[in-house]
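**Q** The following file, target-v9.cif, comprises mmCIF, C-alpha atoms:
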data_structure
#
loop_
_atom_site.label_atom_id
_atom_site.label_comp_id
_atom_site.auth_asym_id
_atom_site.auth_seq_id
_atom_site.Cartn_x
_atom_site.Cartn_y
_atom_site.Cartn_z
CA MET L 1 120.91 113.49 115.65
CA GLY L 2 120.53 116.53 113.42
CA PRO L 3 119.65 116.46 109.76
CA PRO L 4 120.43 112.94 108.57
CA ALA L 5 123.83 112.34 107.09
CA ARG L 6 123.85 111.40 103.43
CA PRO L 7 125.01 107.78 103.24
CA GLY L 8 127.66 106.95 100.69
CA GLY L 9 126.15 105.60 97.52
CA ALA L 10 122.55 106.00 98.66
CA HIS L 11 120.20 106.95 95.86
CA LEU L 12 116.49 107.70 95.79
CA LEU L 13 114.35 106.71 92.86
CA ALA L 14 110.71 107.69 92.42
CA LEU L 15 108.47 104.72 91.72
CA PRO L 16 104.94 105.76 90.70
CA ALA L 17 103.26 102.83 92.38
CA ARG L 18 100.11 103.19 94.51
CA GLY L 19 98.86 106.23 92.62
CA SER L 20 101.45 108.90 92.06
CA ALA L 21 103.18 108.52 95.41
CA PRO L 22 106.90 107.73 95.23
CA VAL L 23 108.43 104.81 97.01
CA SER L 24 111.16 105.68 99.45
CA VAL L 25 113.77 103.05 98.66
CA ALA L 26 115.80 102.21 95.60
CA PHE L 27 113.54 100.48 93.10
CA ASP L 28 113.49 96.70 93.01
CA SER L 29 110.31 95.21 91.62
CA ALA L 30 111.04 91.93 93.41
CA LEU L 31 110.68 93.68 96.77
CA TYR L 32 107.20 95.03 96.02
CA SER L 33 105.94 91.93 94.25
CA GLY L 34 106.83 89.83 97.29
CA ALA L 35 109.10 87.58 95.24
CA LYS L 36 112.24 88.58 97.12
CA TYR L 37 110.82 88.66 100.64
CA PRO L 38 107.55 86.70 100.77
CA GLU L 39 107.63 86.90 104.57
CA ILE L 40 106.73 90.60 104.32
CA LYS L 41 103.43 89.64 102.72
CA SER L 42 102.69 87.45 105.75
CA LEU L 43 102.86 90.61 107.91
CA MET L 44 99.93 92.18 106.04
CA LYS L 45 97.23 91.26 108.54
CA PRO L 46 95.20 92.94 111.30
CA ASP L 47 96.69 93.74 114.68
CA HIS L 48 93.88 92.87 117.08
CA SER L 49 96.00 93.92 120.08
CA LEU L 50 95.20 97.50 119.04
CA ILE L 51 91.65 97.02 120.36
CA TRP L 52 92.79 96.35 123.92
CA ILE L 53 95.63 98.88 123.89
CA ILE L 54 93.35 101.68 122.67
CA MET L 55 90.58 100.83 125.14
CA MET L 56 93.15 100.93 127.95
CA MET L 57 94.31 104.36 126.77
CA VAL L 58 90.73 105.63 126.72
CA LEU L 59 90.16 104.38 130.27
CA ILE L 60 93.44 105.95 131.46
CA GLN L 61 92.36 109.32 130.13
CA LEU L 62 88.91 108.97 131.70
CA ALA L 63 90.64 108.34 135.03
CA ALA L 64 92.83 111.39 134.42
CA PHE L 65 89.74 113.52 133.74
CA TYR L 66 88.47 112.55 137.18
CA LEU L 67 91.79 113.11 138.95
CA VAL L 68 92.31 116.65 137.64
CA LYS L 69 88.79 117.96 138.25
CA ASP L 70 89.62 119.54 141.62
CA LEU L 71 93.25 120.53 141.03
CA ASP L 72 94.52 124.10 140.88
CA TRP L 73 94.65 125.43 137.33
CA LYS L 74 98.44 125.39 137.21
CA TRP L 75 98.41 121.65 137.91
CA VAL L 76 95.69 121.05 135.36
CA ILE L 77 97.89 122.62 132.69
CA PHE L 78 101.00 120.88 134.04
CA TRP L 79 99.47 117.43 133.84
CA ALA L 80 97.84 118.22 130.51
CA TYR L 81 101.32 118.78 129.06
CA MET L 82 103.35 116.22 131.00
CA PHE L 83 100.89 113.33 130.81
CA GLY L 84 97.71 113.98 128.86
CA SER L 85 99.58 115.30 125.83
CA CYS L 86 101.47 112.02 125.45
CA ILE L 87 98.29 109.96 125.67
CA ASN L 88 96.33 112.15 123.27
CA HIS L 89 99.09 112.39 120.68
CA SER L 90 99.55 108.65 120.92
CA MET L 91 95.80 108.29 120.43
CA THR L 92 95.96 110.26 117.18
CA LEU L 93 98.48 107.70 115.95
CA ALA L 94 96.22 104.90 117.14
CA ILE L 95 93.56 106.48 114.92
CA HIS L 96 96.15 106.42 112.14
CA GLU L 97 96.43 102.65 112.63
CA ILE L 98 92.64 102.32 112.64
CA SER L 99 92.40 104.35 109.42
CA HIS L 100 94.35 101.54 107.76
CA ASN L 101 91.78 99.04 109.13
CA PHE L 102 94.38 97.33 111.29
CA ALA L 103 92.14 96.94 114.35
CA PHE L 104 89.47 94.69 112.81
CA GLY L 105 90.79 94.05 109.32
CA HIS L 106 89.66 95.16 105.88
CA HIS L 107 86.64 92.84 105.90
CA LYS L 108 85.15 94.82 108.82
CA THR L 109 85.66 98.33 107.52
CA LEU L 110 82.70 99.87 109.33
CA TRP L 111 83.82 98.33 112.63
CA ASN L 112 87.09 100.22 112.23
CA ARG L 113 85.23 103.48 111.55
CA TRP L 114 83.11 103.11 114.70
CA PHE L 115 86.12 102.13 116.77
CA GLY L 116 87.95 105.19 115.47
CA MET L 117 85.16 107.34 116.90
CA VAL L 118 85.64 105.68 120.30
CA ALA L 119 89.40 106.32 120.16
CA ASN L 120 88.61 109.92 119.19
CA LEU L 121 86.64 110.66 122.38
CA PRO L 122 89.53 111.62 124.75
CA ILE L 123 90.98 113.94 122.10
CA GLY L 124 87.99 116.31 122.24
CA VAL L 125 87.94 117.29 118.55
CA PRO L 126 86.03 115.08 116.06
CA TYR L 127 88.43 114.12 113.32
CA SER L 128 88.76 110.33 113.08
CA ILE L 129 86.51 109.90 110.03
CA SER L 130 87.90 112.92 108.20
CA PHE L 131 91.45 111.80 108.87
CA LYS L 132 90.75 108.45 107.23
CA ARG L 133 89.51 110.14 104.05
CA TYR L 134 92.44 112.53 103.73
CA HIS L 135 95.11 110.08 104.85
CA MET L 136 94.32 107.65 102.06
CA ASP L 137 94.85 110.50 99.58
CA HIS L 138 98.21 111.18 101.26
CA HIS L 139 99.34 107.62 100.61
CA ARG L 140 98.10 107.41 97.05
CA TYR L 141 99.14 110.89 95.94
CA LEU L 142 101.98 111.95 98.20
CA GLY L 143 102.77 115.60 97.66
CA ALA L 144 100.11 116.14 94.99
CA ASP L 145 99.18 119.82 94.86
CA GLY L 146 95.57 120.39 95.89
CA ILE L 147 95.14 116.78 97.06
CA ASP L 148 97.63 115.94 99.82
CA VAL L 149 96.65 118.17 102.74
CA ASP L 150 99.84 117.22 104.57
CA ILE L 151 101.50 119.82 102.33
CA PRO L 152 101.46 123.31 103.93
CA THR L 153 99.60 126.09 102.17
CA ASP L 154 101.41 128.80 100.22
CA PHE L 155 100.61 131.23 103.03
CA GLU L 156 102.32 129.00 105.60
CA GLY L 157 105.42 128.73 103.46
CA TRP L 158 105.50 132.47 102.74
CA PHE L 159 104.79 133.76 106.26
CA PHE L 160 106.47 131.26 108.60
CA CYS L 161 109.97 131.78 107.26
CA THR L 162 111.89 133.26 110.21
CA THR L 163 113.12 131.53 113.34
CA PHE L 164 110.44 133.07 115.55
CA ARG L 165 107.64 132.52 113.06
CA LYS L 166 108.64 128.89 112.52
CA PHE L 167 108.63 128.44 116.29
CA MET L 168 105.07 129.77 116.39
CA TRP L 169 104.12 127.55 113.45
CA VAL L 170 105.30 124.49 115.41
CA ILE L 171 103.23 125.55 118.43
CA PHE L 172 100.09 126.00 116.33
CA GLN L 173 100.56 122.94 114.13
CA PRO L 174 97.28 121.36 115.29
CA VAL L 175 95.37 124.45 114.15
CA PHE L 176 96.92 124.36 110.69
CA TYR L 177 96.34 120.62 110.34
CA ALA L 178 92.70 121.09 111.35
CA PHE L 179 91.88 123.91 108.93
CA ARG L 180 94.25 123.23 106.03
CA PRO L 181 91.92 120.67 104.35
CA LEU L 182 89.20 123.33 104.10
CA PHE L 183 91.49 125.45 101.92
CA ILE L 184 93.43 122.81 99.97
CA ASN L 185 91.00 119.96 99.33
CA PRO L 186 87.51 120.46 100.82
CA LYS L 187 85.32 117.36 100.61
CA PRO L 188 81.56 116.94 100.99
CA ILE L 189 80.65 116.05 104.57
CA SER L 190 79.78 112.37 104.96
CA TYR L 191 77.17 110.92 107.28
CA LEU L 192 79.94 109.25 109.31
CA GLU L 193 81.60 112.62 109.85
CA ILE L 194 78.31 113.99 111.16
CA ILE L 195 77.99 111.05 113.54
CA ASN L 196 81.61 111.52 114.63
CA ALA L 197 80.92 115.19 115.41
CA VAL L 198 77.66 114.54 117.26
CA LEU L 199 79.20 111.80 119.42
CA GLN L 200 82.21 113.97 120.22
CA ILE L 201 80.14 117.03 121.16
CA ALA L 202 77.91 114.87 123.36
CA PHE L 203 80.95 113.34 125.06
CA ASN L 204 82.53 116.76 125.63
CA PHE L 205 79.29 118.01 127.19
CA LEU L 206 79.13 114.91 129.41
CA VAL L 207 82.69 115.51 130.63
CA TYR L 208 81.84 119.13 131.41
CA TYR L 209 78.50 118.28 133.08
CA VAL L 210 79.82 115.43 135.25
CA LEU L 211 83.39 116.50 136.00
CA GLY L 212 83.50 120.23 135.33
CA ILE L 213 85.40 122.75 133.26
CA LYS L 214 88.87 121.73 134.45
CA SER L 215 88.50 118.21 133.09
CA LEU L 216 87.29 119.58 129.77
CA ILE L 217 90.21 122.04 129.55
CA TYR L 218 92.61 119.24 130.50
CA MET L 219 91.28 117.14 127.61
CA LEU L 220 91.40 119.89 124.98
CA GLY L 221 94.66 121.31 126.33
CA ALA L 222 96.32 117.91 126.21
CA SER L 223 95.46 117.63 122.52
CA PHE L 224 96.63 121.15 121.64
CA LEU L 225 99.84 120.90 123.65
CA GLY L 226 100.60 117.35 122.56
CA LEU L 227 100.23 118.14 118.87
CA GLY L 228 102.16 121.40 119.05
CA LEU L 229 105.48 122.08 120.76
CA HIS L 230 106.03 118.56 122.04
CA PRO L 231 108.76 115.93 121.50
CA ILE L 232 106.37 113.53 119.77
CA SER L 233 105.33 116.27 117.33
CA GLY L 234 108.74 116.05 115.76
CA HIS L 235 107.34 113.27 113.60
CA PHE L 236 105.20 115.78 111.66
CA ILE L 237 108.38 117.38 110.31
CA ALA L 238 110.67 114.35 110.33
CA GLU L 239 108.48 112.30 108.00
CA HIS L 240 108.59 114.32 104.77
CA TYR L 241 110.47 117.62 105.18
CA MET L 242 113.51 117.61 102.93
CA PHE L 243 116.54 118.21 105.12
CA LEU L 244 118.43 116.42 102.35
CA LYS L 245 117.51 117.30 98.79
CA GLY L 246 116.28 114.25 96.93
CA HIS L 247 115.19 112.42 100.07
CA GLU L 248 111.49 112.98 100.61
CA THR L 249 110.63 110.44 103.31
CA TYR L 250 112.63 109.65 106.44
CA SER L 251 112.33 107.09 109.20
CA TYR L 252 112.97 107.63 112.90
CA TYR L 253 114.35 104.76 114.97
CA GLY L 254 114.31 106.27 118.47
CA PRO L 255 112.50 105.27 121.68
CA LEU L 256 109.36 107.36 121.09
CA ASN L 257 108.22 104.71 118.62
CA LEU L 258 107.09 102.84 121.74
CA LEU L 259 104.43 105.55 122.31
CA THR L 260 103.48 106.09 118.68
CA PHE L 261 102.71 102.66 117.22
CA ASN L 262 106.02 102.76 115.32
CA VAL L 263 104.97 105.68 113.13
CA GLY L 264 108.66 106.56 113.03
CA TYR L 265 109.23 103.65 110.64
CA HIS L 266 107.92 105.91 107.93
CA ASN L 267 109.81 104.71 104.89
CA GLU L 268 108.67 101.22 105.75
CA HIS L 269 105.10 102.41 106.30
CA HIS L 270 104.82 104.15 102.95
CA ASP L 271 106.39 101.22 101.14
CA PHE L 272 104.07 98.71 102.84
CA PRO L 273 100.96 100.56 104.09
CA ASN L 274 99.14 97.25 104.68
CA VAL L 275 101.59 96.22 107.39
CA PRO L 276 100.52 97.38 110.89
CA GLY L 277 102.89 99.49 112.95
CA LYS L 278 103.68 96.61 115.28
CA SER L 279 105.35 94.74 112.41
CA LEU L 280 107.22 97.59 110.71
CA PRO L 281 110.49 96.87 112.60
CA LEU L 282 110.33 93.39 111.09
CA VAL L 283 110.00 94.91 107.61
CA ARG L 284 113.19 96.86 108.24
CA LYS L 285 114.93 93.75 109.54
CA ILE L 286 113.79 91.55 106.64
CA ALA L 287 114.69 94.11 103.95
CA ALA L 288 117.71 95.58 105.73
CA GLU L 289 119.63 96.04 102.48
CA TYR L 290 117.01 98.61 101.41
CA TYR L 291 116.57 100.53 104.67
CA ASP L 292 119.81 100.45 106.67
CA ASN L 293 121.64 102.87 104.39
CA LEU L 294 118.82 105.39 104.04
CA PRO L 295 119.15 108.64 106.02
CA HIS L 296 117.12 108.53 109.22
CA TYR L 297 116.64 110.21 112.59
CA ASN L 298 117.18 109.16 116.19
CA SER L 299 115.72 112.28 117.86
CA TRP L 300 112.46 114.07 117.08
CA VAL L 301 113.43 116.86 119.49
CA LYS L 302 116.53 117.55 117.41
CA VAL L 303 114.38 117.58 114.28
CA LEU L 304 112.19 120.32 115.78
CA TYR L 305 115.23 122.32 116.87
CA ASP L 306 116.93 122.04 113.49
CA PHE L 307 113.77 122.96 111.61
CA VAL L 308 113.28 126.13 113.65
CA MET L 309 116.94 127.20 113.70
CA ASP L 310 118.00 126.27 110.17
CA ASP L 311 117.45 129.26 107.86
CA THR L 312 117.21 126.97 104.84
CA MET L 313 114.19 125.11 106.25
CA SER L 314 110.57 126.29 106.23
CA PRO L 315 107.08 124.92 105.53
CA TYR L 316 108.14 125.21 101.87
CA SER L 317 110.67 122.39 102.40
CA ARG L 318 108.37 119.76 100.93
CA MET L 319 108.15 118.00 97.58
CA LYS L 320 105.05 119.17 95.70
CA ARG L 321 103.79 117.56 92.50
CA ALA L 322 101.27 118.67 89.94
CA PRO L 323 98.29 116.27 89.90
CA LYS L 324 97.95 114.16 86.77
CA GLY L 325 94.18 114.66 86.53
CA GLN L 326 93.41 110.95 86.88
CA GLU L 327 93.35 110.76 90.66
CA VAL L 328 90.55 108.86 92.39
CA LEU L 329 89.98 110.49 95.78
CA GLU L 330 88.38 109.21 98.96
#
Can I see the file as structure tokens?
**A**
Amino acid sequence: MGPPARPGGAHLLALPARGSAPVSVAFDSALYSGAKYPEIKSLMKPDHSLIWIIMMMVLIQLAAFYLVKDLDWKWVIFWAYMFGSCINHSMTLAIHEISHNFAFGHHKTLWNRWFGMVANLPIGVPYSISFKRYHMDHHRYLGADGIDVDIPTDFEGWFFCTTFRKFMWVIFQPVFYAFRPLFINPKPISYLEIINAVLQIAFNFLVYYVLGIKSLIYMLGASFLGLGLHPISGHFIAEHYMFLKGHETYSYYGPLNLLTFNVGYHNEHHDFPNVPGKSLPLVRKIAAEYYDNLPHYNSWVKVLYDFVMDDTMSPYSRMKRAPKGQEVLE
């Protein structure tokens, strides 16, 4: 579907819970206290199946590295886009799950950080630890100027304003996501980030030394292609770009949730960030009166198309808030 239709009677209220981030559904304190739906609270637990799913994905990519090492370059690029891109983009969303400590639980925080580094390996760029730090800010201070690095820079909004430029912006999304934090909200480098980088560089060198340049290009190309002009990348825009004024967060209920740990259930995720992706469809089912009438998407491809072709949409189409000065950052 295109931009989501405005449901009759739907209304969005900003609830400054969890920092300054707004809640996506009409306010009802009973929902968030657990008094109305106590079964939602029972969903706030680790998802240990992530461990085995992610390890399987790592092994699949390792096998792919071996299989492409002697292919012609055109087939290396072909398989990087058709197959590797799906695995690597899915792996970034596995790292999203790990950043919420869903793999081992909150009582084993460091285990989650180490496991995130393992999941990071097939992606080729060390970012698991940094993502954790910035993503928590995104949840607590959604849209806060100078804090939430999910918000495009002023340059992005000013320059990428035509159809062609927006198309190029979509292609190079991974570059902007990688460097944007350095301009918006630079943080001191932590020792875990250094370890993440050293492990990743060593792994990349090992892939090159054992399997050759084609396997290395396949790995890096899969990440760039998968996070750029790719059907799954529609979630970057679908989540918080305001196709409808007054609606800041949107869910997606299409089939690609099967590859993305249900990241499409984004209203549900922001309302209940302690519920793992596996259980977010249950949140929607339990609290159907809150979610069924909210505007949502069924196609990320259509989201990308509409964003590029709609002259009223640009990287500026985000809600930005002035920070209150009392934020506690990661």
**Q** Could you check how far atom CA of L:Leu304 sits from atom CA of L:Val149, in Å to one decimal?
**A** 20.4 Å
**Q** Closest to L:Arg113 among L:Val263, L:Ile195, L:Leu71, L:Met313, using only C-alpha atoms?
**A**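 Smallest distance to L:Arg113 is found for L:Ile195.
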**Q** Name the residues captured by the PyMOL selection byres ((chain L and resi 92-105) around 9) when it is applied to the shown file; answer as a ChimeraX atom specification.
**A** /L:45-51,54,87-91,106-109,111-113,115-117,119-120,123,128-129,131-133,135-136,259-261,263,273-277
**Q** Store the residues of this selection in a file with C-alpha atoms, as a PDB file, in the coordinates of the input.
**A**
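result-v6.pdb was written with the following content:
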ATOM      1  CA  LYS L  45      97.230  91.260 108.540  1.00  0.00           C
ATOM      2  CA  PRO L  46      95.200  92.940 111.300  1.00  0.00           C
ATOM      3  CA  ASP L  47      96.690  93.740 114.680  1.00  0.00           C
ATOM      4  CA  HIS L  48      93.880  92.870 117.080  1.00  0.00           C
ATOM      5  CA  SER L  49      96.000  93.920 120.080  1.00  0.00           C
ATOM      6  CA  LEU L  50      95.200  97.500 119.040  1.00  0.00           C
ATOM      7  CA  ILE L  51      91.650  97.020 120.360  1.00  0.00           C
ATOM      8  CA  ILE L  54      93.350 101.680 122.670  1.00  0.00           C
ATOM      9  CA  ILE L  87      98.290 109.960 125.670  1.00  0.00           C
ATOM     10  CA  ASN L  88      96.330 112.150 123.270  1.00  0.00           C
ATOM     11  CA  HIS L  89      99.090 112.390 120.680  1.00  0.00           C
ATOM     12  CA  SER L  90      99.550 108.650 120.920  1.00  0.00           C
ATOM     13  CA  MET L  91      95.800 108.290 120.430  1.00  0.00           C
ATOM     14  CA  HIS L 106      89.660  95.160 105.880  1.00  0.00           C
ATOM     15  CA  HIS L 107      86.640  92.840 105.900  1.00  0.00           C
ATOM     16  CA  LYS L 108      85.150  94.820 108.820  1.00  0.00           C
ATOM     17  CA  THR L 109      85.660  98.330 107.520  1.00  0.00           C
ATOM     18  CA  TRP L 111      83.820  98.330 112.630  1.00  0.00           C
ATOM     19  CA  ASN L 112      87.090 100.220 112.230  1.00  0.00           C
ATOM     20  CA  ARG L 113      85.230 103.480 111.550  1.00  0.00           C
ATOM     21  CA  PHE L 115      86.120 102.130 116.770  1.00  0.00           C
ATOM     22  CA  GLY L 116      87.950 105.190 115.470  1.00  0.00           C
ATOM     23  CA  MET L 117      85.160 107.340 116.900  1.00  0.00           C
ATOM     24  CA  ALA L 119      89.400 106.320 120.160  1.00  0.00           C
ATOM     25  CA  ASN L 120      88.610 109.920 119.190  1.00  0.00           C
ATOM     26  CA  ILE L 123      90.980 113.940 122.100  1.00  0.00           C
ATOM     27  CA  SER L 128      88.760 110.330 113.080  1.00  0.00           C
ATOM     28  CA  ILE L 129      86.510 109.900 110.030  1.00  0.00           C
ATOM     29  CA  PHE L 131      91.450 111.800 108.870  1.00  0.00           C
ATOM     30  CA  LYS L 132      90.750 108.450 107.230  1.00  0.00           C
ATOM     31  CA  ARG L 133      89.510 110.140 104.050  1.00  0.00           C
ATOM     32  CA  HIS L 135      95.110 110.080 104.850  1.00  0.00           C
ATOM     33  CA  MET L 136      94.320 107.650 102.060  1.00  0.00           C
ATOM     34  CA  LEU L 259     104.430 105.550 122.310  1.00  0.00           C
ATOM     35  CA  THR L 260     103.480 106.090 118.680  1.00  0.00           C
ATOM     36  CA  PHE L 261     102.710 102.660 117.220  1.00  0.00           C
ATOM     37  CA  VAL L 263     104.970 105.680 113.130  1.00  0.00           C
ATOM     38  CA  PRO L 273     100.960 100.560 104.090  1.00  0.00           C
ATOM     39  CA  ASN L 274      99.140  97.250 104.680  1.00  0.00           C
ATOM     40  CA  VAL L 275     101.590  96.220 107.390  1.00  0.00           C
ATOM     41  CA  PRO L 276     100.520  97.380 110.890  1.00  0.00           C
ATOM     42  CA  GLY L 277     102.890  99.490 112.950  1.00  0.00           C
TER      43      GLY L 277
END
**Q** With all atoms listed in the file as the atoms that count, which of L:Leu220, L:Met55, L:Ile147, L:Leu142 lies nearest to L:Lys187?
**A**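 Result for the nearest residue to L:Lys187: L:Ile147.
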**Q** Which centre and edge lengths in Å to one decimal define the box along x, y and z that fits every listed atom of stretch 66-76 of chain L plus 3 Å per side, as AutoDock Vina command-line options?
**A**
--center_x 93.5 --center_y 119.0 --center_z 138.5 --size_x 16.0 --size_y 18.9 --size_z 12.3
**Q** Name the residues in contact with L:Pro281 at a cut-off of 9 Å, using only C-alpha atoms, excluding same-chain residues fewer than 5 positions from it; report them as number ranges by chain.
**A** L: 262, 265, 268, 286
**Q** Please measure the separation of atom CA of L:Thr153 and atom CA of L:His139, giving the value in Å to one decimal.
**A**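 Interatomic distance here is 18.5 Å.
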**Q** Measuring atom to atom with only C-alpha atoms, identify which of L:Ile213, L:Phe236, L:Val308, L:Ala322 is nearest to L:Arg165.
**A**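 Looking only at the distances to L:Arg165, the closest residue turns out to be L:Val308.
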**Q** Rank nothing, just name the residue among L:Leu43, L:Ala80, L:Ala287, L:Leu282 nearest to L:Leu67, using all atoms listed in the file.
**A**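 The closest residue to L:Leu67 is L:Ala80.
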**Q** What does the structure give for the distance between atom CA of L:Asp72 and atom CA of L:Phe224, in Å to one decimal?
**A**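 Between these atoms lies a distance of 19.6 Å.
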**Q** My list of candidates is L:Phe159, L:Phe272, L:Trp114, L:Tyr127. Which is closest to L:Ile189 when distances are computed with only C-alpha atoms?
**A**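 Counting only C-alpha atoms, the residue closest to L:Ile189 is L:Tyr127.
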**Q** Could you spell out the hits of the PyMOL selection byres ((chain L and resi 166) around 12) on the shown file, as JSON, numbers by chain?
**A** {"L": [156, 157, 158, 159, 160, 161, 162, 163, 164, 165, 167, 168, 169, 170, 171, 172, 173, 228, 229, 237, 304, 305, 306, 307, 308, 309, 310, 311, 312, 313, 314, 315, 316]}
**Q** Give me the residues within 7 Å of L:Pro126 as a short mmCIF file (atom, residue, chain, number, x, y, z; two decimals) with C-alpha atoms, in the frame of the given file, counting all atoms listed in the file and dropping any in the same chain fewer than 5 places off.
**A**
data_model
loop_
_atom_site.label_atom_id
_atom_site.label_comp_id
_atom_site.auth_asym_id
_atom_site.auth_seq_id
_atom_site.Cartn_x
_atom_site.Cartn_y
_atom_site.Cartn_z
CA ASN L 120 88.61 109.92 119.19
CA ASN L 196 81.61 111.52 114.63
CA ALA L 197 80.92 115.19 115.41
CA GLN L 200 82.21 113.97 120.22
#
**Q** So, with all atoms listed in the file as the atoms that count, which of L:Phe243, L:Leu256, L:Arg180, L:Tyr250 lies closest to L:Tyr291?
**A** L:Tyr250
**Q** If we count all atoms listed in the file, what is near L:Val68 at a cut-off of 12 Å, once residues fewer than 6 positions away on the same chain are taken out, given as a list in words?
**A** Gln61, Leu62, Lys74, Trp75, Val76, Ile77, Phe78, Trp79, Ala80, Phe83, Gly84, Val207, Leu211, Gly212, Ile213, Lys214, Ser215, Leu216, Ile217, Tyr218 and Met219 of chain L
**Q** Write a file of the just-selected residues containing C-alpha atoms, as a PDB file, in the coordinates of the input.
**A**
ATOM      1  CA  GLN L  61      92.360 109.320 130.130  1.00  0.00           C
ATOM      2  CA  LEU L  62      88.910 108.970 131.700  1.00  0.00           C
ATOM      3  CA  LYS L  74      98.440 125.390 137.210  1.00  0.00           C
ATOM      4  CA  TRP L  75      98.410 121.650 137.910  1.00  0.00           C
ATOM      5  CA  VAL L  76      95.690 121.050 135.360  1.00  0.00           C
ATOM      6  CA  ILE L  77      97.890 122.620 132.690  1.00  0.00           C
ATOM      7  CA  PHE L  78     101.000 120.880 134.040  1.00  0.00           C
ATOM      8  CA  TRP L  79      99.470 117.430 133.840  1.00  0.00           C
ATOM      9  CA  ALA L  80      97.840 118.220 130.510  1.00  0.00           C
ATOM     10  CA  PHE L  83     100.890 113.330 130.810  1.00  0.00           C
ATOM     11  CA  GLY L  84      97.710 113.980 128.860  1.00  0.00           C
ATOM     12  CA  VAL L 207      82.690 115.510 130.630  1.00  0.00           C
ATOM     13  CA  LEU L 211      83.390 116.500 136.000  1.00  0.00           C
ATOM     14  CA  GLY L 212      83.500 120.230 135.330  1.00  0.00           C
ATOM     15  CA  ILE L 213      85.400 122.750 133.260  1.00  0.00           C
ATOM     16  CA  LYS L 214      88.870 121.730 134.450  1.00  0.00           C
ATOM     17  CA  SER L 215      88.500 118.210 133.090  1.00  0.00           C
ATOM     18  CA  LEU L 216      87.290 119.580 129.770  1.00  0.00           C
ATOM     19  CA  ILE L 217      90.210 122.040 129.550  1.00  0.00           C
ATOM     20  CA  TYR L 218      92.610 119.240 130.500  1.00  0.00           C
ATOM     21  CA  MET L 219      91.280 117.140 127.610  1.00  0.00           C
TER      22      MET L 219
END
**Q** Can you pull out the residues contacting L:Arg318? Cut-off 8 Å, using all atoms listed in the file, and skip same-chain residues under 4 positions away; I want them as an NGL selection string.
**A** :L and (143 or 151 or 240-242 or 248)
**Q** Using the chain letters and numbers from the file, which residues does the PyMOL selection byres ((chain L and resi 144) around 10) grab, as a ChimeraX atom specification?
**A** /L:20-21,137-138,140-143,145-151,319-324,327
